[in-house]
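Next comes run.cif, a file with mmCIF, C-alpha atoms.
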```cif
data_structure
loop_
_atom_site.group_PDB
_atom_site.id
_atom_site.type_symbol
_atom_site.label_atom_id
_atom_site.label_comp_id
_atom_site.auth_asym_id
_atom_site.auth_seq_id
_atom_site.Cartn_x
_atom_site.Cartn_y
_atom_site.Cartn_z
ATOM 1 C CA MET M 18 -12.004 12.134 60.604
ATOM 2 C CA ARG M 19 -10.805 9.298 62.785
ATOM 3 C CA ARG M 20 -7.293 7.958 62.282
ATOM 4 C CA ARG M 21 -8.590 4.475 61.339
ATOM 5 C CA GLU M 22 -11.015 5.874 58.762
ATOM 6 C CA PHE M 23 -8.294 8.101 57.309
ATOM 7 C CA THR M 24 -5.910 5.138 57.050
ATOM 8 C CA LEU M 25 -8.535 3.028 55.284
ATOM 9 C CA LEU M 26 -9.378 5.877 52.918
ATOM 10 C CA LEU M 27 -5.720 6.520 52.132
ATOM 11 C CA GLY M 28 -5.088 2.828 51.598
ATOM 12 C CA GLY M 29 -8.060 2.586 49.254
ATOM 13 C CA ALA M 30 -6.886 5.578 47.255
ATOM 14 C CA MET M 31 -3.404 4.100 46.885
ATOM 15 C CA THR M 32 -4.829 0.773 45.772
ATOM 16 C CA ALA M 33 -7.038 2.520 43.214
ATOM 17 C CA ALA M 34 -4.076 4.530 41.947
ATOM 18 C CA ARG M 35 -1.985 1.375 41.562
ATOM 19 C CA GLY M 36 -4.858 -0.263 39.710
ATOM 20 C CA LEU M 37 -5.182 2.723 37.391
ATOM 21 C CA ARG M 38 -1.447 2.714 36.681
ATOM 22 C CA ALA M 39 -1.558 -1.009 35.957
ATOM 23 C CA GLN M 40 -4.511 -0.510 33.623
ATOM 24 C CA GLN M 41 -2.716 2.282 31.801
ATOM 25 C CA LYS M 42 0.442 0.225 31.579
ATOM 26 C CA ALA M 43 -1.493 -2.731 30.225
ATOM 27 C CA MET M 44 -2.723 -0.793 27.183
ATOM 28 C CA PRO M 45 -0.776 -2.294 24.261
ATOM 29 C CA VAL M 46 1.261 -0.017 22.026
ATOM 30 C CA ILE M 47 1.866 -0.799 18.369
ATOM 31 C CA GLY M 48 4.001 0.983 15.813
ATOM 32 C CA PHE M 49 3.033 2.085 12.316
ATOM 33 C CA LEU M 50 6.041 2.636 10.047
ATOM 34 C CA SER M 51 5.562 4.079 6.571
ATOM 35 C CA SER M 52 7.889 5.289 3.849
ATOM 36 C CA THR M 53 5.183 7.708 2.695
ATOM 37 C CA SER M 54 3.489 10.887 3.978
ATOM 38 C CA PRO M 55 0.515 11.009 6.363
ATOM 39 C CA GLY M 56 -1.746 13.261 4.261
ATOM 40 C CA PRO M 57 -2.403 11.072 1.202
ATOM 41 C CA PHE M 58 -2.252 8.010 3.443
ATOM 42 C CA ALA M 59 -5.247 8.972 5.600
ATOM 43 C CA PRO M 60 -7.707 6.522 3.937
ATOM 44 C CA MET M 61 -5.314 3.632 4.524
ATOM 45 C CA VAL M 62 -4.811 4.539 8.185
ATOM 46 C CA ALA M 63 -8.580 4.771 8.654
ATOM 47 C CA ALA M 64 -9.030 1.324 7.101
ATOM 48 C CA PHE M 65 -6.235 -0.076 9.281
ATOM 49 C CA ARG M 66 -7.968 1.258 12.390
ATOM 50 C CA GLN M 67 -11.224 -0.272 11.187
ATOM 51 C CA GLY M 68 -9.574 -3.690 10.972
ATOM 52 C CA LEU M 69 -8.199 -3.277 14.474
ATOM 53 C CA SER M 70 -11.629 -2.312 15.796
ATOM 54 C CA GLU M 71 -13.119 -5.459 14.293
ATOM 55 C CA THR M 72 -10.843 -7.448 16.593
ATOM 56 C CA GLY M 73 -11.753 -5.333 19.611
ATOM 57 C CA TYR M 74 -8.953 -2.751 19.600
ATOM 58 C CA VAL M 75 -9.810 0.947 19.401
ATOM 59 C CA GLU M 76 -7.069 3.552 19.274
ATOM 60 C CA GLY M 77 -7.195 5.818 22.292
ATOM 61 C CA GLN M 78 -9.407 3.463 24.286
ATOM 62 C CA ASN M 79 -7.547 0.190 24.689
ATOM 63 C CA LEU M 80 -4.733 0.645 22.165
ATOM 64 C CA ALA M 81 -2.039 3.236 21.452
ATOM 65 C CA ILE M 82 -0.465 3.641 18.018
ATOM 66 C CA GLU M 83 2.899 5.316 17.421
ATOM 67 C CA TYR M 84 3.128 6.605 13.827
ATOM 68 C CA ARG M 85 6.400 7.203 12.015
ATOM 69 C CA TRP M 86 6.543 8.680 8.490
ATOM 70 C CA ALA M 87 9.692 8.744 6.353
ATOM 71 C CA GLU M 88 8.145 11.214 3.861
ATOM 72 C CA PHE M 89 9.821 9.270 1.002
ATOM 73 C CA GLN M 90 13.239 9.859 2.570
ATOM 74 C CA TYR M 91 14.016 6.176 2.631
ATOM 75 C CA ASP M 92 17.277 6.505 4.529
ATOM 76 C CA ARG M 93 15.244 7.641 7.558
ATOM 77 C CA LEU M 94 13.464 4.290 7.884
ATOM 78 C CA PRO M 95 16.093 2.493 10.041
ATOM 79 C CA ALA M 96 16.168 5.321 12.613
ATOM 80 C CA LEU M 97 12.376 5.524 12.678
ATOM 81 C CA ALA M 98 12.152 1.769 13.236
ATOM 82 C CA THR M 99 14.702 1.970 16.046
ATOM 83 C CA ASP M 100 12.677 4.742 17.656
ATOM 84 C CA LEU M 101 9.584 2.535 17.619
ATOM 85 C CA ILE M 102 11.524 -0.198 19.404
ATOM 86 C CA ALA M 103 12.485 2.334 22.072
ATOM 87 C CA ARG M 104 8.765 2.959 22.575
ATOM 88 C CA LYS M 105 8.407 -0.728 23.464
ATOM 89 C CA VAL M 106 5.823 -1.467 20.794
ATOM 90 C CA GLU M 107 4.354 -4.968 20.774
ATOM 91 C CA VAL M 108 3.765 -5.118 17.006
ATOM 92 C CA ILE M 109 4.998 -3.049 14.071
ATOM 93 C CA ALA M 110 2.738 -2.537 11.062
ATOM 94 C CA THR M 111 4.277 -1.140 7.880
ATOM 95 C CA ASN M 112 3.108 0.218 4.583
ATOM 96 C CA GLY M 113 3.719 -1.770 1.413
ATOM 97 C CA ASP M 114 7.275 -0.611 0.821
ATOM 98 C CA PRO M 115 9.663 -3.546 1.423
ATOM 99 C CA ARG M 116 12.250 -1.059 2.664
ATOM 100 C CA ALA M 117 9.973 -0.212 5.572
ATOM 101 C CA VAL M 118 9.491 -3.907 6.330
ATOM 102 C CA ARG M 119 13.240 -4.579 6.205
ATOM 103 C CA ALA M 120 13.971 -1.601 8.445
ATOM 104 C CA ALA M 121 11.512 -2.927 11.015
ATOM 105 C CA LYS M 122 12.829 -6.472 10.679
ATOM 106 C CA ASN M 123 16.454 -5.406 11.097
ATOM 107 C CA ALA M 124 15.642 -3.276 14.128
ATOM 108 C CA ALA M 125 13.366 -5.861 15.730
ATOM 109 C CA PRO M 126 14.165 -9.452 14.707
ATOM 110 C CA THR M 127 11.770 -10.838 17.323
ATOM 111 C CA ILE M 128 8.913 -8.309 17.436
ATOM 112 C CA PRO M 129 5.935 -9.289 15.231
ATOM 113 C CA ILE M 130 5.761 -7.316 11.983
ATOM 114 C CA VAL M 131 2.729 -7.016 9.700
ATOM 115 C CA PHE M 132 3.194 -5.537 6.224
ATOM 116 C CA ASN M 133 0.308 -3.965 4.355
ATOM 117 C CA ALA M 134 0.078 -4.027 0.551
ATOM 118 C CA THR M 135 3.541 -5.476 -0.133
ATOM 119 C CA SER M 136 3.728 -7.236 -3.491
ATOM 120 C CA ASP M 137 5.884 -10.328 -3.968
ATOM 121 C CA PRO M 138 6.890 -10.711 -0.292
ATOM 122 C CA VAL M 139 8.687 -13.976 -1.072
ATOM 123 C CA GLY M 140 10.740 -12.441 -3.886
ATOM 124 C CA ASN M 141 11.504 -9.491 -1.630
ATOM 125 C CA GLY M 142 12.939 -11.886 0.957
ATOM 126 C CA LEU M 143 10.436 -10.936 3.654
ATOM 127 C CA VAL M 144 8.839 -14.349 4.207
ATOM 128 C CA ALA M 145 9.812 -17.941 3.462
ATOM 129 C CA SER M 146 6.527 -18.665 1.686
ATOM 130 C CA LEU M 147 3.001 -17.302 1.511
ATOM 131 C CA ALA M 148 1.508 -20.299 3.301
ATOM 132 C CA ARG M 149 4.222 -20.535 5.967
ATOM 133 C CA PRO M 150 5.899 -17.157 6.446
ATOM 134 C CA GLY M 151 8.225 -18.322 9.224
ATOM 135 C CA GLY M 152 10.059 -15.843 11.420
ATOM 136 C CA ASN M 153 8.371 -12.744 12.786
ATOM 137 C CA VAL M 154 6.837 -11.297 9.604
ATOM 138 C CA THR M 155 3.481 -11.786 7.889
ATOM 139 C CA GLY M 156 1.001 -9.476 6.197
ATOM 140 C CA VAL M 157 -1.223 -8.795 3.217
ATOM 141 C CA SER M 158 -0.110 -8.724 -0.426
ATOM 142 C CA PRO M 159 -2.153 -6.914 -3.121
ATOM 143 C CA MET M 160 -0.444 -8.778 -5.996
ATOM 144 C CA SER M 161 0.041 -5.439 -7.784
ATOM 145 C CA ILE M 162 3.321 -6.469 -9.378
ATOM 146 C CA GLU M 163 1.993 -9.826 -10.498
ATOM 147 C CA LEU M 164 -0.843 -8.102 -12.396
ATOM 148 C CA MET M 165 1.376 -5.880 -14.561
ATOM 149 C CA PRO M 166 1.224 -8.112 -17.694
ATOM 150 C CA LYS M 167 -2.569 -8.218 -17.343
ATOM 151 C CA ARG M 168 -2.663 -4.416 -17.293
ATOM 152 C CA LEU M 169 -0.697 -4.310 -20.546
ATOM 153 C CA GLU M 170 -3.174 -6.768 -22.040
ATOM 154 C CA LEU M 171 -6.150 -4.614 -21.015
ATOM 155 C CA LEU M 172 -4.520 -1.432 -22.292
ATOM 156 C CA SER M 173 -3.767 -3.072 -25.647
ATOM 157 C CA GLU M 174 -7.375 -4.206 -25.882
ATOM 158 C CA LEU M 175 -8.573 -0.667 -25.181
ATOM 159 C CA VAL M 176 -6.052 1.034 -27.502
ATOM 160 C CA PRO M 177 -5.261 -1.610 -30.157
ATOM 161 C CA GLN M 178 -3.673 0.962 -32.479
ATOM 162 C CA ALA M 179 -0.912 1.751 -29.976
ATOM 163 C CA GLU M 180 2.335 0.168 -31.145
ATOM 164 C CA VAL M 181 4.405 1.952 -28.499
ATOM 165 C CA VAL M 182 3.308 1.625 -24.876
ATOM 166 C CA ALA M 183 5.452 3.447 -22.314
ATOM 167 C CA LEU M 184 6.058 2.137 -18.798
ATOM 168 C CA LEU M 185 6.427 4.744 -16.039
ATOM 169 C CA VAL M 186 8.424 3.422 -13.076
ATOM 170 C CA ASN M 187 10.070 4.697 -9.941
ATOM 171 C CA PRO M 188 13.682 3.491 -10.345
ATOM 172 C CA GLU M 189 14.053 3.484 -6.563
ATOM 173 C CA GLY M 190 10.887 1.476 -6.068
ATOM 174 C CA PRO M 191 10.790 -2.077 -4.739
ATOM 175 C CA ARG M 192 11.078 -4.797 -7.366
ATOM 176 C CA THR M 193 11.240 -2.281 -10.224
ATOM 177 C CA GLU M 194 13.595 -4.543 -12.156
ATOM 178 C CA ARG M 195 11.133 -7.409 -11.983
ATOM 179 C CA ILE M 196 8.282 -5.174 -13.131
ATOM 180 C CA ILE M 197 10.282 -4.017 -16.143
ATOM 181 C CA ARG M 198 11.278 -7.572 -16.992
ATOM 182 C CA ASP M 199 7.729 -8.935 -16.735
ATOM 183 C CA VAL M 200 6.163 -6.166 -18.808
ATOM 184 C CA GLN M 201 8.944 -6.313 -21.410
ATOM 185 C CA GLU M 202 8.287 -10.016 -21.869
ATOM 186 C CA ALA M 203 4.558 -9.394 -22.278
ATOM 187 C CA ALA M 204 5.248 -6.550 -24.727
ATOM 188 C CA ARG M 205 7.508 -8.741 -26.856
ATOM 189 C CA THR M 206 4.767 -11.351 -27.056
ATOM 190 C CA LYS M 207 2.414 -8.706 -28.445
ATOM 191 C CA GLY M 208 5.021 -7.136 -30.719
ATOM 192 C CA LEU M 209 4.929 -3.832 -28.847
ATOM 193 C CA GLN M 210 7.712 -1.357 -28.155
ATOM 194 C CA LEU M 211 8.099 -0.545 -24.457
ATOM 195 C CA PRO M 212 10.168 2.547 -23.621
ATOM 196 C CA ILE M 213 10.900 2.872 -19.896
ATOM 197 C CA LEU M 214 10.324 6.233 -18.218
ATOM 198 C CA ASN M 215 11.965 6.818 -14.834
ATOM 199 C CA ALA M 216 10.557 9.244 -12.273
ATOM 200 C CA ARG M 217 11.366 9.588 -8.590
ATOM 201 C CA THR M 218 10.268 13.217 -8.094
ATOM 202 C CA GLU M 219 7.287 15.298 -9.175
ATOM 203 C CA SER M 220 9.420 17.221 -11.675
ATOM 204 C CA GLU M 221 10.635 13.948 -13.177
ATOM 205 C CA ILE M 222 7.013 12.836 -13.562
ATOM 206 C CA ASP M 223 6.353 16.042 -15.528
ATOM 207 C CA ALA M 224 9.404 15.377 -17.702
ATOM 208 C CA ALA M 225 8.377 11.768 -18.325
ATOM 209 C CA PHE M 226 4.979 12.808 -19.666
ATOM 210 C CA ALA M 227 6.579 15.543 -21.770
ATOM 211 C CA SER M 228 8.700 12.887 -23.505
ATOM 212 C CA LEU M 229 5.735 10.744 -24.595
ATOM 213 C CA ALA M 230 5.119 12.584 -27.868
ATOM 214 C CA GLN M 231 8.751 12.281 -28.948
ATOM 215 C CA LEU M 232 8.594 8.556 -28.181
ATOM 216 C CA HIS M 233 5.368 8.238 -30.212
ATOM 217 C CA ALA M 234 3.848 6.456 -27.224
ATOM 218 C CA GLY M 235 0.185 5.692 -27.761
ATOM 219 C CA ALA M 236 -0.493 4.533 -24.206
ATOM 220 C CA LEU M 237 1.059 4.389 -20.736
ATOM 221 C CA ILE M 238 1.268 1.923 -17.852
ATOM 222 C CA VAL M 239 1.933 3.345 -14.376
ATOM 223 C CA HIS M 240 4.044 1.341 -11.938
ATOM 224 C CA PRO M 241 2.095 0.547 -8.718
ATOM 225 C CA ASP M 242 4.597 2.276 -6.465
ATOM 226 C CA PRO M 243 3.728 4.105 -3.210
ATOM 227 C CA PHE M 244 5.356 7.246 -4.601
ATOM 228 C CA PHE M 245 2.953 7.300 -7.548
ATOM 229 C CA GLY M 246 0.060 6.297 -5.321
ATOM 230 C CA GLY M 247 0.493 9.554 -3.434
ATOM 231 C CA ARG M 248 0.501 11.611 -6.654
ATOM 232 C CA ARG M 249 -2.808 10.547 -8.124
ATOM 233 C CA ASP M 250 -4.023 14.004 -9.116
ATOM 234 C CA GLN M 251 -0.754 14.913 -10.820
ATOM 235 C CA LEU M 252 -0.635 11.683 -12.833
ATOM 236 C CA VAL M 253 -4.257 11.858 -13.958
ATOM 237 C CA ALA M 254 -3.978 15.553 -14.866
ATOM 238 C CA LEU M 255 -0.834 14.946 -16.927
ATOM 239 C CA ALA M 256 -2.419 12.006 -18.747
ATOM 240 C CA SER M 257 -5.313 14.295 -19.672
ATOM 241 C CA ARG M 258 -3.070 17.205 -20.683
ATOM 242 C CA HIS M 259 -0.924 15.005 -22.922
ATOM 243 C CA ALA M 260 -3.942 13.047 -24.190
ATOM 244 C CA VAL M 261 -2.405 9.678 -23.375
ATOM 245 C CA PRO M 262 -4.522 6.649 -22.394
ATOM 246 C CA ALA M 263 -3.103 5.319 -19.124
ATOM 247 C CA ILE M 264 -3.819 2.341 -16.904
ATOM 248 C CA TYR M 265 -3.297 2.364 -13.144
ATOM 249 C CA ALA M 266 -3.276 -0.193 -10.347
ATOM 250 C CA TRP M 267 -5.578 1.531 -7.859
ATOM 251 C CA PRO M 268 -9.375 1.743 -8.400
ATOM 252 C CA GLU M 269 -9.377 5.028 -6.468
ATOM 253 C CA PHE M 270 -7.679 6.664 -9.487
ATOM 254 C CA ALA M 271 -10.871 6.345 -11.535
ATOM 255 C CA ALA M 272 -12.740 8.835 -9.359
ATOM 256 C CA ALA M 273 -9.979 11.375 -10.068
ATOM 257 C CA GLY M 274 -10.377 10.855 -13.819
ATOM 258 C CA GLY M 275 -8.115 7.870 -14.454
ATOM 259 C CA LEU M 276 -9.071 6.082 -17.680
ATOM 260 C CA ILE M 277 -8.811 2.430 -16.732
ATOM 261 C CA ILE M 278 -7.775 0.682 -13.547
ATOM 262 C CA TYR M 279 -7.166 -2.944 -12.704
ATOM 263 C CA GLY M 280 -6.295 -3.959 -9.172
ATOM 264 C CA VAL M 281 -7.477 -4.072 -5.600
ATOM 265 C CA ARG M 282 -8.692 -1.215 -3.430
ATOM 266 C CA ILE M 283 -5.723 -0.584 -1.171
ATOM 267 C CA PRO M 284 -7.755 0.503 1.887
ATOM 268 C CA SER M 285 -9.281 -2.982 1.948
ATOM 269 C CA ILE M 286 -5.749 -4.385 2.206
ATOM 270 C CA TYR M 287 -5.025 -2.187 5.230
ATOM 271 C CA ARG M 288 -8.243 -3.309 6.866
ATOM 272 C CA GLN M 289 -7.036 -6.900 6.522
ATOM 273 C CA GLY M 290 -3.693 -5.832 7.979
ATOM 274 C CA GLY M 291 -5.422 -4.298 10.983
ATOM 275 C CA ILE M 292 -7.245 -7.562 11.592
ATOM 276 C CA LEU M 293 -3.938 -9.452 11.458
ATOM 277 C CA VAL M 294 -2.391 -7.098 14.018
ATOM 278 C CA GLY M 295 -5.404 -7.616 16.274
ATOM 279 C CA ARG M 296 -5.003 -11.374 16.047
ATOM 280 C CA ILE M 297 -1.326 -11.088 16.966
ATOM 281 C CA LEU M 298 -2.155 -8.893 19.955
ATOM 282 C CA LYS M 299 -4.485 -11.669 21.079
ATOM 283 C CA GLY M 300 -1.657 -14.206 20.951
ATOM 284 C CA ALA M 301 -1.294 -15.437 17.356
ATOM 285 C CA LYS M 302 2.250 -15.866 15.990
ATOM 286 C CA PRO M 303 3.240 -14.303 12.641
ATOM 287 C CA ALA M 304 4.956 -17.524 11.596
ATOM 288 C CA ASP M 305 1.606 -19.318 11.860
ATOM 289 C CA LEU M 306 -0.417 -16.711 9.940
ATOM 290 C CA PRO M 307 -0.299 -17.182 6.144
ATOM 291 C CA VAL M 308 0.225 -14.097 4.031
ATOM 292 C CA GLU M 309 -3.232 -12.974 2.949
ATOM 293 C CA GLN M 310 -4.082 -12.065 -0.634
ATOM 294 C CA PRO M 311 -7.119 -10.438 -2.211
ATOM 295 C CA THR M 312 -9.694 -12.742 -3.733
ATOM 296 C CA ARG M 313 -11.162 -10.086 -6.008
ATOM 297 C CA PHE M 314 -9.616 -7.593 -8.389
ATOM 298 C CA GLU M 315 -11.587 -4.688 -9.777
ATOM 299 C CA LEU M 316 -11.706 -3.443 -13.341
ATOM 300 C CA VAL M 317 -12.901 0.164 -13.428
ATOM 301 C CA VAL M 318 -13.438 2.215 -16.588
ATOM 302 C CA ASN M 319 -14.049 5.954 -16.763
ATOM 303 C CA LEU M 320 -16.175 6.620 -19.856
ATOM 304 C CA ASN M 321 -15.923 10.384 -19.404
ATOM 305 C CA THR M 322 -12.155 10.174 -19.730
ATOM 306 C CA ALA M 323 -12.437 7.773 -22.671
ATOM 307 C CA LYS M 324 -14.733 10.231 -24.458
ATOM 308 C CA ALA M 325 -12.341 13.113 -23.799
ATOM 309 C CA LEU M 326 -9.545 11.032 -25.349
ATOM 310 C CA GLY M 327 -11.688 10.084 -28.344
ATOM 311 C CA LEU M 328 -11.703 6.410 -27.391
ATOM 312 C CA THR M 329 -14.501 3.909 -27.773
ATOM 313 C CA VAL M 330 -14.338 1.333 -25.007
ATOM 314 C CA PRO M 331 -14.828 -2.154 -26.489
ATOM 315 C CA PRO M 332 -17.914 -4.056 -25.315
ATOM 316 C CA SER M 333 -15.579 -6.864 -24.214
ATOM 317 C CA ILE M 334 -14.072 -4.557 -21.575
ATOM 318 C CA LEU M 335 -17.380 -3.027 -20.518
ATOM 319 C CA ALA M 336 -18.846 -6.485 -20.004
ATOM 320 C CA ARG M 337 -16.035 -7.377 -17.604
ATOM 321 C CA ALA M 338 -15.921 -4.048 -15.763
ATOM 322 C CA ASP M 339 -16.858 -4.020 -12.091
ATOM 323 C CA GLU M 340 -17.547 -0.301 -12.261
ATOM 324 C CA VAL M 341 -18.196 2.086 -15.130
ATOM 325 C CA ILE M 342 -18.015 5.818 -14.454
ATOM 326 C CA ASP M 343 -20.017 8.008 -16.821
#
```

Show this structure as structure tokens.
Amino acid sequence: MRRREFTLLLGGAMTAARGLRAQQKAMPVIGFLSSTSPGPFAPMVAAFRQGLSETGYVEGQNLAIEYRWAEFQYDRLPALATDLIARKVEVIATNGDPRAVRAAKNAAPTIPIVFNATSDPVGNGLVASLARPGGNVTGVSPMSIELMPKRLELLSELVPQAEVVALLVNPEGPRTERIIRDVQEAARTKGLQLPILNARTESEIDAAFASLAQLHAGALIVHPDPFFGGRRDQLVALASRHAVPAIYAWPEFAAAGGLIIYGVRIPSIYRQGGILVGRILKGAKPADLPVEQPTRFELVVNLNTAKALGLTVPPSILARADEVID
């Protein structure tokens, strides 16, 4: 090969290599920070990726995602957030736990942050307002906390003979005090007793259900907390074993045998969150993106579970149900 041809070939190869490195370097990297575990969270991650793809970003092709899971060890969140910053992520998406959002915000006061399924983001101090978030944080709120009094109303309509309705909460959960306060106020209006059951571990969930008979509880409301969301099968099985009518916040619980559910499908929230992240990657500012909220809430009733509990679902509930499982 002639010297001139070799030089041209070598120069072309170097140029191509530089171009490839630039292309690889240009691939944006985002972080995904969650207080939960990856296994039960798989449907939400899939929905999040779907939202990203709808804006033109596909993981592994033109986008890299760094995942960090606290596995419900909440004190790990700050270090995990700091690690994401070290990876030079352009955006951080979080699960619905305000502690994850705060950890990201404290570690990265200027990097855009998108929360997914965080209830009451204003009350949690994450945004200035829903319409004008301000700062570097925006996201999608499922309004799960705001719907708690409505869930008590539905449960009372389904089980009118229940004079004692227990409320199962995670005492370490975000906004637990507000949830208790709101449901207590609604219970007083209806003349109902509302014992509070605390559970932050699987064994404490077992103990909470075991105490229902002694409390003479005729029904149960489950706090829409990420910890409980990841223990669907345990909660539904215990409700069946102890023959207690229970209402949940996630429609997905009905397929596992949950009696009645009122809320939004959480994967749809994560899809919206993925779309928001895509918009930010394209240049939008979190401060200019209003917090999104669902426009539709689903009422799902499982007639098989009602029959097993000896309950007759009132026609008024069936007429309003979006889905009836039988």

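Here the PyMOL selection byres ((chain M and resi 148) around 9) matches the residues Ala145, Ser146, Leu147, Arg149, Pro150, Asp305, Leu306, Pro307, Val308 and Glu309 of chain M.
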
Near range 152-164 of chain M, 12 Å: range 34-115 of chain M residue rows, closest pairs, all atoms listed in the file, as a tab-separated table:
```
residue	atom	partner	partner_atom	distance
M:Phe65	CA	M:Val157	CA	11.7
M:Glu107	CA	M:Asn153	CA	11.8
M:Val108	CA	M:Asn153	CA	9.9
M:Ile109	CA	M:Val154	CA	9.6
M:Ala110	CA	M:Gly156	CA	8.7
M:Thr111	CA	M:Gly156	CA	9.1
M:Asn112	CA	M:Gly156	CA	10.1
M:Gly113	CA	M:Ser158	CA	8.1
M:Asp114	CA	M:Ser158	CA	11.0
M:Pro115	CA	M:Ser158	CA	11.2
```

**Selection dump of the PyMOL selection byres ((chain M and resi 323) around 10), as a PyMOL selection string** = chain M and resi 175+262+274-277+318-322+324-330+343

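For Val200 in chain M, the set of protein, DNA and RNA residues having any atom at most 9 Å away, when counting only C-alpha atoms and skipping those fewer than 3 positions along the same chain, is M:Met165, M:Pro166, M:Leu169, M:Leu184, M:Arg195, M:Ile196, M:Ile197, M:Ala203, M:Ala204, M:Arg205, M:Leu211.
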
**Prompt:** Could you work out how far CA of Trp267 in chain M lies from CA of Glu83 in chain M, giving the answer in Å with one decimal?
**Reply:** 26.9 Å

**Message:** Calculated over only C-alpha atoms, which of the candidates M:Leu316, M:Leu171, M:Leu255, M:Val62 has the smallest distance to Tyr84 in chain M?
**Reply:** M:Val62

**Asked** Got a sec: who's within 8 Å of Val317 in chain M, counting all atoms listed in the file, leaving out chain neighbours fewer than 4 positions off, as a list of chain:residue names?
**Response** M:Pro268, M:Ala271, M:Ile277, M:Ile278, M:Tyr279, M:Ala338, M:Asp339, M:Glu340, M:Val341, M:Ile342

**Request:** For the structure shown, which residues end up in the PyMOL selection byres ((chain M and resi 247) around 10)? Put them as a ChimeraX atom specification, please?
**Result:** /M:53-58,242-246,248-252

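Put simply, CA of Glu221 in chain M is 9.8 Å away from CA of Asn187 in chain M.
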
**Item:** Within 12 Å of Asp223 in chain M using all atoms listed in the file, minus same-chain residues under 3 positions, as a ChimeraX atom specification
**Value:** /M:185,214-220,226-229,248,251-256,258-259

What are the closest atom pairs, with distances in Å to one decimal, for all residues of range 150-218 of chain M lying within 12 Å of range 231-236 of chain M? Consider all atoms listed in the file, order rows by chain and residue number, and present the result as JSON lines.
```
{"residue": "M:Arg168", "atom": "CA", "partner": "M:Ala236", "partner_atom": "CA", "distance": 11.5}
{"residue": "M:Leu169", "atom": "CA", "partner": "M:Ala236", "partner_atom": "CA", "distance": 9.6}
{"residue": "M:Glu170", "atom": "CA", "partner": "M:Ala236", "partner_atom": "CA", "distance": 11.8}
{"residue": "M:Leu171", "atom": "CA", "partner": "M:Ala236", "partner_atom": "CA", "distance": 11.2}
{"residue": "M:Leu172", "atom": "CA", "partner": "M:Ala236", "partner_atom": "CA", "distance": 7.4}
{"residue": "M:Ser173", "atom": "CA", "partner": "M:Ala236", "partner_atom": "CA", "distance": 8.4}
{"residue": "M:Glu174", "atom": "CA", "partner": "M:Ala236", "partner_atom": "CA", "distance": 11.2}
{"residue": "M:Leu175", "atom": "CA", "partner": "M:Ala236", "partner_atom": "CA", "distance": 9.7}
{"residue": "M:Val176", "atom": "CA", "partner": "M:Ala236", "partner_atom": "CA", "distance": 7.3}
{"residue": "M:Pro177", "atom": "CA", "partner": "M:Gly235", "partner_atom": "CA", "distance": 9.4}
{"residue": "M:Gln178", "atom": "CA", "partner": "M:Gly235", "partner_atom": "CA", "distance": 7.7}
{"residue": "M:Ala179", "atom": "CA", "partner": "M:Gly235", "partner_atom": "CA", "distance": 4.7}
{"residue": "M:Glu180", "atom": "CA", "partner": "M:Gly235", "partner_atom": "CA", "distance": 6.8}
{"residue": "M:Val181", "atom": "CA", "partner": "M:Ala234", "partner_atom": "CA", "distance": 4.7}
{"residue": "M:Val182", "atom": "CA", "partner": "M:Ala236", "partner_atom": "CA", "distance": 4.8}
{"residue": "M:Ala183", "atom": "CA", "partner": "M:Ala234", "partner_atom": "CA", "distance": 6.0}
{"residue": "M:Leu184", "atom": "CA", "partner": "M:Ala236", "partner_atom": "CA", "distance": 8.8}
{"residue": "M:Leu185", "atom": "CA", "partner": "M:Ala236", "partner_atom": "CA", "distance": 10.7}
{"residue": "M:Leu209", "atom": "CA", "partner": "M:Ala234", "partner_atom": "CA", "distance": 10.5}
{"residue": "M:Gln210", "atom": "CA", "partner": "M:Ala234", "partner_atom": "CA", "distance": 8.8}
{"residue": "M:Leu211", "atom": "CA", "partner": "M:Ala234", "partner_atom": "CA", "distance": 8.6}
{"residue": "M:Pro212", "atom": "CA", "partner": "M:Leu232", "partner_atom": "CA", "distance": 7.7}
{"residue": "M:Ile213", "atom": "CA", "partner": "M:Leu232", "partner_atom": "CA", "distance": 10.3}
{"residue": "M:Leu214", "atom": "CA", "partner": "M:Leu232", "partner_atom": "CA", "distance": 10.4}
```

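Atom pair CA of Pro284 in chain M / CA of Ile297 in chain M has a distance of 20.1 Å (rounded to one decimal).
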
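The environment of Leu97 in chain M within 10 Å, counting all atoms listed in the file and disregarding residues fewer than 2 places along the same chain, consists of Phe49, Leu50, Ser51, Ser52, Tyr84, Arg85, Trp86, Ala87, Asp92, Arg93, Leu94, Pro95, Thr99, Asp100, Leu101, Ile102, Ala103, Ala117, Ala120, Ala121 and Ala124 of chain M.
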
Assuming 8 Å of padding per side, give the centre and edge lengths of the axis-aligned box around every listed atom of range 307-315 of chain M, in Å to one decimal and as JSON.
```
{"center_x": -5.7, "center_y": -10.9, "center_z": -1.8, "size_x": 27.8, "size_y": 28.5, "size_z": 31.9}
```
